[in-house]
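Peer 1: Next comes the structure file structure-v3.tsv, holding TSV, C-alpha atoms and all ligand atoms.
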chain	number	residue	atom	x	y	z
O	87	MET	CA	8.01	-10.29	-7.93
O	88	LYS	CA	8.52	-9.49	-4.27
O	89	TYR	CA	6.31	-6.68	-2.98
O	90	LEU	CA	8.24	-4.75	-0.33
O	91	PHE	CA	5.56	-2.31	0.79
O	92	ASP	CA	1.84	-1.58	0.97
O	93	LEU	CA	0.94	2.10	1.33
O	94	HIS	CA	-2.84	2.26	0.95
O	95	THR	CA	-4.49	0.63	3.96
O	96	HIS	CA	-7.22	1.63	6.38
O	97	THR	CA	-7.70	1.22	10.12
O	98	ILE	CA	-10.81	1.46	12.30
O	99	ALA	CA	-10.23	5.23	12.31
O	100	SER	CA	-11.68	5.31	8.77
O	101	GLY	CA	-15.07	4.38	10.21
O	102	HIS	CA	-15.79	1.51	7.78
O	103	ALA	CA	-12.60	-0.56	8.23
O	104	TYR	CA	-12.25	-3.19	10.90
O	105	SER	CA	-8.70	-3.56	12.15
O	106	THR	CA	-6.50	-1.48	14.38
O	107	LEU	CA	-3.22	0.06	13.28
O	108	LYS	CA	-1.38	-2.46	15.44
O	109	GLU	CA	-3.19	-5.41	13.85
O	110	ASN	CA	-2.26	-4.05	10.41
O	111	MET	CA	1.38	-3.54	11.43
O	112	GLU	CA	1.46	-7.08	12.81
O	113	GLU	CA	0.16	-8.41	9.48
O	114	ALA	CA	2.71	-6.34	7.56
O	115	ALA	CA	5.49	-7.90	9.66
O	116	ALA	CA	4.00	-11.40	9.22
O	117	LYS	CA	3.89	-10.92	5.43
O	118	GLY	CA	7.53	-9.85	5.42
O	119	LEU	CA	6.99	-6.30	4.16
O	120	LEU	CA	9.85	-3.85	4.64
O	121	ALA	CA	7.53	-0.85	4.87
O	122	TYR	CA	3.88	-0.45	5.77
O	123	GLY	CA	1.86	2.72	5.29
O	124	PHE	CA	-1.54	3.50	6.72
O	125	SER	CA	-3.69	6.00	4.86
O	126	ASP	CA	-7.02	6.54	6.54
O	127	HIS	CA	-9.75	8.48	4.77
O	128	SER	CA	-9.84	12.20	5.44
O	129	GLU	CA	-12.88	13.81	6.98
O	130	ALA	CA	-15.28	14.20	4.04
O	131	VAL	CA	-15.89	10.43	4.13
O	132	PRO	CA	-18.71	10.10	6.70
O	133	GLY	CA	-17.55	8.51	9.95
O	134	SER	CA	-13.85	8.94	9.15
O	135	CYS	CA	-11.30	10.81	11.19
O	136	LYS	CA	-11.05	14.55	11.67
O	137	ASN	CA	-7.93	16.42	10.71
O	138	ILE	CA	-6.69	16.24	14.32
O	139	TYR	CA	-6.18	12.48	13.88
O	140	PHE	CA	-3.43	13.20	11.39
O	141	MET	CA	-1.67	15.67	13.72
O	142	ASN	CA	-0.45	13.29	16.45
O	143	PHE	CA	1.32	10.60	14.45
O	144	LYS	CA	4.56	11.32	16.33
O	145	VAL	CA	3.38	8.88	19.03
O	146	ILE	CA	3.50	5.97	16.55
O	147	PRO	CA	6.82	4.08	16.35
O	148	ARG	CA	8.79	4.41	13.11
O	149	LYS	CA	9.69	0.71	13.16
O	150	TYR	CA	7.60	-2.24	14.19
O	151	LYS	CA	9.26	-5.65	14.17
O	152	GLY	CA	11.67	-4.35	11.57
O	153	VAL	CA	8.97	-2.82	9.33
O	154	LEU	CA	9.29	0.88	8.51
O	155	ILE	CA	5.96	2.52	9.45
O	156	LEU	CA	4.82	5.31	7.15
O	157	ARG	CA	2.10	7.86	7.88
O	158	GLY	CA	-0.20	8.86	5.08
O	159	VAL	CA	-3.71	9.90	4.18
O	160	GLU	CA	-6.17	9.06	1.46
O	161	ALA	CA	-7.44	12.57	0.79
O	162	ASN	CA	-10.70	13.25	-1.01
O	163	ILE	CA	-10.80	15.25	-4.21
O	164	MET	CA	-13.80	17.48	-3.53
O	165	ASP	CA	-14.43	19.32	-6.80
O	166	PHE	CA	-13.45	19.48	-10.47
O	167	LYS	CA	-10.64	21.89	-9.62
O	168	GLY	CA	-8.97	19.13	-7.65
O	169	ASN	CA	-9.26	20.73	-4.21
O	170	LEU	CA	-8.72	18.34	-1.30
O	171	ASP	CA	-10.47	18.13	2.08
O	172	VAL	CA	-7.13	18.31	3.94
O	173	ASP	CA	-5.31	21.56	4.72
O	174	GLU	CA	-1.69	22.18	3.91
O	175	ASN	CA	-0.75	22.33	7.60
O	176	VAL	CA	-1.82	18.68	7.88
O	177	LEU	CA	-0.48	17.53	4.50
O	178	LYS	CA	2.99	18.83	5.23
O	179	ARG	CA	3.30	16.64	8.37
O	180	LEU	CA	2.59	13.41	6.52
O	181	ASP	CA	5.02	11.09	4.77
O	182	TYR	CA	2.86	10.81	1.64
O	183	VAL	CA	-0.55	11.74	0.28
O	184	ILE	CA	-2.91	9.70	-1.88
O	185	ALA	CA	-5.67	11.65	-3.66
O	186	SER	CA	-8.82	9.79	-4.72
O	187	LEU	CA	-12.29	10.31	-6.11
O	188	HIS	CA	-15.12	8.83	-4.02
O	189	THR	CA	-18.78	8.99	-4.99
O	190	ILE	CA	-19.70	9.82	-1.39
O	191	CYS	CA	-17.72	13.08	-1.71
O	192	ILE	CA	-18.04	14.06	-5.38
O	193	GLU	CA	-20.59	13.03	-7.98
O	194	PRO	CA	-18.94	11.69	-11.13
O	195	GLY	CA	-18.60	14.36	-13.82
O	196	SER	CA	-18.00	14.34	-17.55
O	197	LEU	CA	-14.69	12.97	-18.82
O	198	ASP	CA	-13.27	16.51	-18.97
O	199	GLU	CA	-14.48	17.34	-15.47
O	200	ASN	CA	-13.00	14.15	-14.03
O	201	MET	CA	-9.68	14.85	-15.77
O	202	ASN	CA	-9.66	18.39	-14.40
O	203	ALA	CA	-10.26	16.99	-10.92
O	204	TYR	CA	-7.21	14.73	-11.27
O	205	PHE	CA	-5.02	17.37	-12.91
O	206	GLY	CA	-5.93	19.85	-10.17
O	207	ALA	CA	-5.09	17.33	-7.44
O	208	MET	CA	-1.80	16.52	-9.20
O	209	SER	CA	-0.80	20.18	-9.05
O	210	ASN	CA	-0.94	19.99	-5.23
O	211	PRO	CA	2.76	19.58	-4.29
O	212	TYR	CA	1.96	17.09	-1.50
O	213	VAL	CA	0.01	14.66	-3.67
O	214	LYS	CA	2.25	11.80	-4.80
O	215	ILE	CA	-0.22	9.02	-5.63
O	216	ILE	CA	-3.52	9.01	-7.51
O	217	GLY	CA	-5.66	6.35	-5.78
O	218	HIS	CA	-7.62	3.82	-7.83
O	219	PRO	CA	-7.99	5.73	-11.15
O	220	ASP	CA	-9.81	2.63	-12.37
O	221	ASP	CA	-13.41	3.34	-11.40
O	222	GLY	CA	-15.63	3.34	-14.49
O	223	ARG	CA	-18.11	5.56	-12.68
O	224	TYR	CA	-15.55	8.34	-13.33
O	225	PRO	CA	-14.73	8.12	-17.03
O	226	ILE	CA	-11.19	9.34	-17.80
O	227	ASP	CA	-8.64	9.45	-20.61
O	228	HIS	CA	-6.01	6.99	-19.38
O	229	ASP	CA	-3.42	8.18	-21.89
O	230	ALA	CA	-3.74	11.81	-20.82
O	231	LEU	CA	-3.62	10.87	-17.13
O	232	ALA	CA	-0.50	8.71	-17.49
O	233	LYS	CA	1.24	11.35	-19.61
O	234	GLU	CA	0.57	14.14	-17.09
O	235	ALA	CA	1.51	11.88	-14.17
O	236	ALA	CA	4.88	11.09	-15.77
O	237	LYS	CA	5.48	14.81	-16.38
O	238	ARG	CA	4.72	15.71	-12.77
O	239	SER	CA	6.40	12.65	-11.15
O	240	ILE	CA	3.06	11.44	-9.81
O	241	VAL	CA	2.54	7.71	-9.31
O	242	LEU	CA	-0.63	5.92	-10.42
O	243	GLU	CA	-2.07	3.25	-8.17
O	244	LEU	CA	-2.83	-0.32	-9.18
O	245	ASN	CA	-5.41	-1.10	-6.51
O	246	ASN	CA	-5.73	-4.74	-5.49
O	247	SER	CA	-9.26	-4.18	-4.10
O	248	SER	CA	-10.56	-2.68	-7.37
O	249	LEU	CA	-9.58	-5.93	-9.08
O	250	ASN	CA	-11.79	-7.90	-6.72
O	251	PRO	CA	-15.14	-8.66	-8.44
O	252	MET	CA	-16.85	-7.72	-5.14
O	253	SER	CA	-15.58	-4.13	-5.41
O	254	ALA	CA	-18.13	-1.31	-5.65
O	255	ARG	CA	-15.96	0.28	-8.32
O	256	VAL	CA	-17.07	-0.36	-11.88
O	257	GLY	CA	-14.93	-2.07	-14.55
O	258	GLY	CA	-11.88	-2.11	-12.27
O	259	ARG	CA	-9.96	-4.79	-14.09
O	260	GLU	CA	-10.63	-3.47	-17.58
O	261	ASN	CA	-9.77	0.09	-16.56
O	262	ALA	CA	-6.67	-0.95	-14.63
O	263	ALA	CA	-5.47	-2.78	-17.76
O	264	LYS	CA	-5.93	0.45	-19.74
O	265	MET	CA	-4.02	2.35	-17.08
O	266	LEU	CA	-1.11	-0.10	-17.28
O	267	LEU	CA	-1.02	0.16	-21.06
O	268	ALA	CA	-0.90	3.95	-20.85
O	269	ALA	CA	1.71	3.89	-18.05
O	270	LYS	CA	3.92	1.61	-20.15
O	271	LYS	CA	3.59	4.00	-23.10
O	272	TYR	CA	4.57	7.12	-21.15
O	273	GLY	CA	7.00	5.58	-18.63
O	274	THR	CA	4.72	6.41	-15.68
O	275	TYR	CA	5.45	4.80	-12.33
O	276	VAL	CA	2.79	2.54	-10.83
O	277	VAL	CA	2.46	1.54	-7.18
O	278	CYS	CA	0.54	-1.57	-6.12
O	279	ASN	CA	-1.56	-1.08	-3.00
O	280	THR	CA	-4.09	-3.33	-1.31
O	281	ASP	CA	-6.55	-0.66	-0.05
O	282	SER	CA	-7.07	-3.09	2.81
O	283	HIS	CA	-10.03	-2.44	5.13
O	284	TYR	CA	-9.28	-5.57	7.19
O	285	ALA	CA	-5.89	-6.69	8.47
O	286	ASP	CA	-5.70	-10.05	6.65
O	287	TYR	CA	-5.55	-8.24	3.29
O	288	VAL	CA	-2.53	-6.10	4.16
O	289	GLY	CA	0.31	-7.10	1.81
O	290	ASP	CA	-1.89	-9.40	-0.30
O	291	PHE	CA	-1.14	-8.41	-3.90
O	292	GLY	CA	-2.54	-11.47	-5.67
O	293	ASN	CA	-4.88	-9.59	-8.03
O	294	CYS	CA	-2.25	-6.98	-8.91
O	295	ASP	CA	0.30	-9.69	-9.58
O	296	ASP	CA	-2.02	-11.54	-11.98
O	297	LEU	CA	-2.80	-8.40	-13.98
O	298	LEU	CA	0.82	-7.22	-14.09
O	299	ASN	CA	1.89	-10.61	-15.44
O	300	GLU	CA	-0.92	-10.69	-17.99
O	301	SER	CA	-0.03	-7.17	-19.11
O	302	ALA	CA	3.72	-7.90	-19.23
O	303	PHE	CA	4.15	-4.62	-17.39
O	304	PRO	CA	7.82	-3.55	-17.03
O	305	LYS	CA	9.16	-4.21	-13.52
O	306	GLU	CA	11.23	-1.01	-13.66
O	307	LEU	CA	8.03	1.04	-13.57
O	308	ILE	CA	6.64	-0.75	-10.50
O	309	LEU	CA	7.58	0.98	-7.24
O	310	ASN	CA	6.99	-1.92	-4.86
O	311	ASN	CA	10.09	-3.93	-5.75
O	312	SER	CA	12.61	-1.36	-4.51
O	313	MET	CA	13.09	0.68	-1.33
O	314	GLU	CA	15.00	3.15	-3.54
O	315	LYS	CA	11.85	3.75	-5.60
O	316	LEU	CA	9.78	4.15	-2.41
O	317	LYS	CA	11.55	7.51	-2.03
O	318	LEU	CA	9.69	8.82	-5.07
O	319	ILE	CA	6.48	9.16	-3.07
O	320	LEU	CA	7.86	10.36	0.26
O	321	ASN	CA	7.78	14.02	1.24
O	322	LYS	CA	11.14	13.61	3.00
O	323	ASP	CA	14.24	11.45	2.72
O	324	ILE	CA	13.85	8.12	4.55
O	325	GLU	CA	16.80	9.11	6.76
O	326	ASP	CA	14.92	12.26	7.90
O	327	LEU	CA	11.64	10.57	8.81
Q	401	ZN	ZN	-12.59	3.04	2.49
Q	402	ZN	ZN	-10.40	5.11	-2.03
Take the structure in the file and give it back as structure tokens.
Ligand SMILES: [Zn+2]
Ligand SMILES: [Zn+2]
Peer 2:
Amino acid sequence: MKYLFDLHTHTIASGHAYSTLKENMEEAAAKGLLAYGFSDHSEAVPGSCKNIYFMNFKVIPRKYKGVLILRGVEANIMDFKGNLDVDENVLKRLDYVIASLHTICIEPGSLDENMNAYFGAMSNPYVKIIGHPDDGRYPIDHDALAKEAAKRSIVLELNNSSLNPMSARVGGRENAAKMLLAAKKYGTYVVCNTDSHYADYVGDFGNCDDLLNESAFPKELILNNSMEKLKLILNKDIEDL
């Protein structure tokens, strides 16, 4: 399968990633992506950018060497109500919003608490993607998550970095397989993202590809193979960006 876009990537602005936006865009062009999205961590991750970072994206070109450049954020879910650390006046300016649980921002809760955190975040109208819901440190009910995501037109992320054995996340592969099974059952869309923190990994979907093939996951439910399906996660029409 051809992967046309990568929407979860980090730049040096995240404070613990090591490539510039331009280096990432260059890599996206070299890999032949049609769209590239950068989604730096919001401010509750220590050393990451303040909200003002997300307010000046108008200076960044919309196209770089033919690649559509998309402006996003990986927002932190801060509590079990699903509140984010990014205000609406910032969220509304962005092309898309990923919401994720990070241990540095929220201690893992019980299964019910973790589910409430996700459900709360999913009720935020700007949130379109749940980032890496594959971390065993946050136990969840994959069936319930996929069912609610399908109902609310939220996309679940298959995170290439979680599938790397070096990842700090726990049981990534096993949990991602459960997520795919649940997504298949409820017809939930899945987006593959690299979560790159270094330019060379932008657009490298090797781990995702292996797991998708092993799981015989339906291609129709994968966003990355169609620019039409990309629209499902954008806050605006592509023509209006
Ligand atoms: Zn990070
Ligand atoms: Zn993350």
Peer 1: Counting all atoms listed in the file, figure out which residue out of O:Ser186, O:Ser312, O:Ser128, O:Asn137 gets nearest to ligand ZN 402 (chain Q).
Peer 2: O:Ser186
Peer 1: Quick one: residues within 8 Å of ligand ZN 402 (chain Q), with all atoms listed in the file, as an MDAnalysis selection string?
Peer 2: chainID O and resid 127 160 186:188 217:218 281
Peer 1: Leaving out O:Asn175 and any residue of its chain fewer than 4 positions from it, which residues lie within 10 Å of it when counting only C-alpha atoms, given as a ChimeraX atom specification?
Peer 2: /O:137,141,179-180
Peer 1: Let's have the selection written as a PDB file, in the coordinates of the input, with C-alpha atoms.
Peer 2:
ATOM      1  CA  ASN O 137      -7.930  16.420  10.710  1.00  0.00           C
ATOM      2  CA  MET O 141      -1.670  15.670  13.720  1.00  0.00           C
ATOM      3  CA  ARG O 179       3.300  16.640   8.370  1.00  0.00           C
ATOM      4  CA  LEU O 180       2.590  13.410   6.520  1.00  0.00           C
TER       5      LEU O 180
END
Peer 1: For the atom pair atom CA of O:Ser125 and atom CA of O:His283, what is the interatomic distance in Å to one decimal place?
Peer 2: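 Between these atoms lies a distance of 10.6 Å.
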Peer 1: How many Å lie between atom CA of O:Lys305 and atom CA of O:Met87, rounded to one decimal?
Peer 2: 8.3 Å
Peer 1: Within 12 Å of ligand ZN 401 (chain Q), counting only C-alpha atoms and all ligand atoms, which protein or nucleic acid residues do you find, written as an NGL selection string?
Peer 2: :O and (94-104 or 124-135 or 159-162 or 186-190 or 217-218 or 247-248 or 253-255 or 280-284)
Peer 1: In Å, with one decimal, what is the gap from atom CA of O:Gly289 to atom CA of O:Glu112?
Peer 2: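 Between atom CA of O:Gly289 and atom CA of O:Glu112 the gap is 11.1 Å.
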Peer 1: Using all atoms listed in the file, which of the listed residues (O:Ser105, O:Gly222, O:Phe140, O:Gly118) sits closest to O:Phe91?
Peer 2: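 When distances to O:Phe91 are compared using all atoms listed in the file, the smallest one comes from O:Gly118.
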Peer 1: Give the answer as one residue: which of O:Cys191, O:Leu244, O:Val153, O:Ala116 has the shortest atom-to-atom distance to O:Leu266, using all atoms listed in the file?
Peer 2: O:Leu244
Peer 1: Of the candidates O:Val183, O:Ala235, O:Val176, O:Ile163, which shows the shortest atom-to-atom distance to O:Ala207, using all atoms listed in the file?
Peer 2: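 Distance minimum relative to O:Ala207 lands on O:Ile163.
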Peer 1: As a PyMOL selection string, please: the residues near O:Tyr204 (cut-off 8 Å, only C-alpha atoms, same-chain neighbours under 4 positions excluded).
Peer 2: chain O and resi 163+166+168+200+208+216+231
Peer 1: Give one line per residue of stretch 168-276 of chain O that approaches stretch 293-296 of chain O to at most 12 Å, naming the two atoms of the closest pair and their distance in Å to one decimal, counting only C-alpha atoms; sort by chain then ascending residue number and deliver it as a Markdown table.
Peer 2:
| residue | atom | partner | partner_atom | distance |
| --- | --- | --- | --- | --- |
| O:Glu243 | CA | O:Cys294 | CA | 10.3 |
| O:Leu244 | CA | O:Cys294 | CA | 6.7 |
| O:Asn245 | CA | O:Cys294 | CA | 7.1 |
| O:Asn246 | CA | O:Cys294 | CA | 5.4 |
| O:Ser247 | CA | O:Asn293 | CA | 8.0 |
| O:Ser248 | CA | O:Asn293 | CA | 9.0 |
| O:Leu249 | CA | O:Asn293 | CA | 6.0 |
| O:Asn250 | CA | O:Asn293 | CA | 7.2 |
| O:Pro251 | CA | O:Asn293 | CA | 10.3 |
| O:Gly258 | CA | O:Asn293 | CA | 11.1 |
| O:Arg259 | CA | O:Asn293 | CA | 9.3 |
| O:Ala262 | CA | O:Cys294 | CA | 9.4 |
| O:Ala263 | CA | O:Cys294 | CA | 10.3 |
| O:Leu266 | CA | O:Cys294 | CA | 10.9 |
| O:Val276 | CA | O:Cys294 | CA | 10.9 |
Peer 1: Which one of O:Asn279, O:Arg238, O:Gly206, O:Pro147 sits closest to O:Leu170 if you count only C-alpha atoms?
Peer 2: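 Using only C-alpha atoms, the shortest distance to O:Leu170 belongs to O:Gly206.
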Peer 1: Tell me which of O:Ser209, O:Asn299, O:Asn142, O:Asn110 sits closest to O:Lys167, counting all atoms listed in the file.
Peer 2: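 Of O:Ser209, O:Asn299, O:Asn142, O:Asn110, the one nearest O:Lys167 is O:Ser209, counting all atoms listed in the file.
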Peer 1: Show me as a list in words the residues that reach within 9 Å of (6.9, -4.4, 16.2), counting only C-alpha atoms and using the file's own coordinates.
Peer 2: Lys108, Met111, Glu112, Ala115, Pro147, Lys149, Tyr150, Lys151, Gly152 and Val153 of chain O
Peer 1: Could you please give me, as a PyMOL selection string, the residues of protein, DNA or RNA lying at most 8 Å from (6.4, 8.7, 10.1) in the coordinate frame of the file, considering all atoms listed in the file?
Peer 2: chain O and resi 143-144+146-148+155-157+180-181+327
Peer 1: Identify, on the basis of only C-alpha atoms, every residue whose closest approach to O:Thr274 does not exceed 8 Å; exclude the query and any residue fewer than 3 positions from it along the same chain; express the result as a list in words.
Peer 2: Ala232, Lys233, Ala235, Ala236, Ser239, Ile240, Val241, Leu242, Ala269, Lys270, Lys271 and Leu307 of chain O
Peer 1: Find the smallest box with edges along x, y and z containing every listed atom of stretch 144-147 of chain O, then add 8 Å on each side and report centre and edge lengths in Å to one decimal, as JSON.
Peer 2:
{"center_x": 5.1, "center_y": 7.7, "center_z": 17.7, "size_x": 19.4, "size_y": 23.2, "size_z": 18.7}
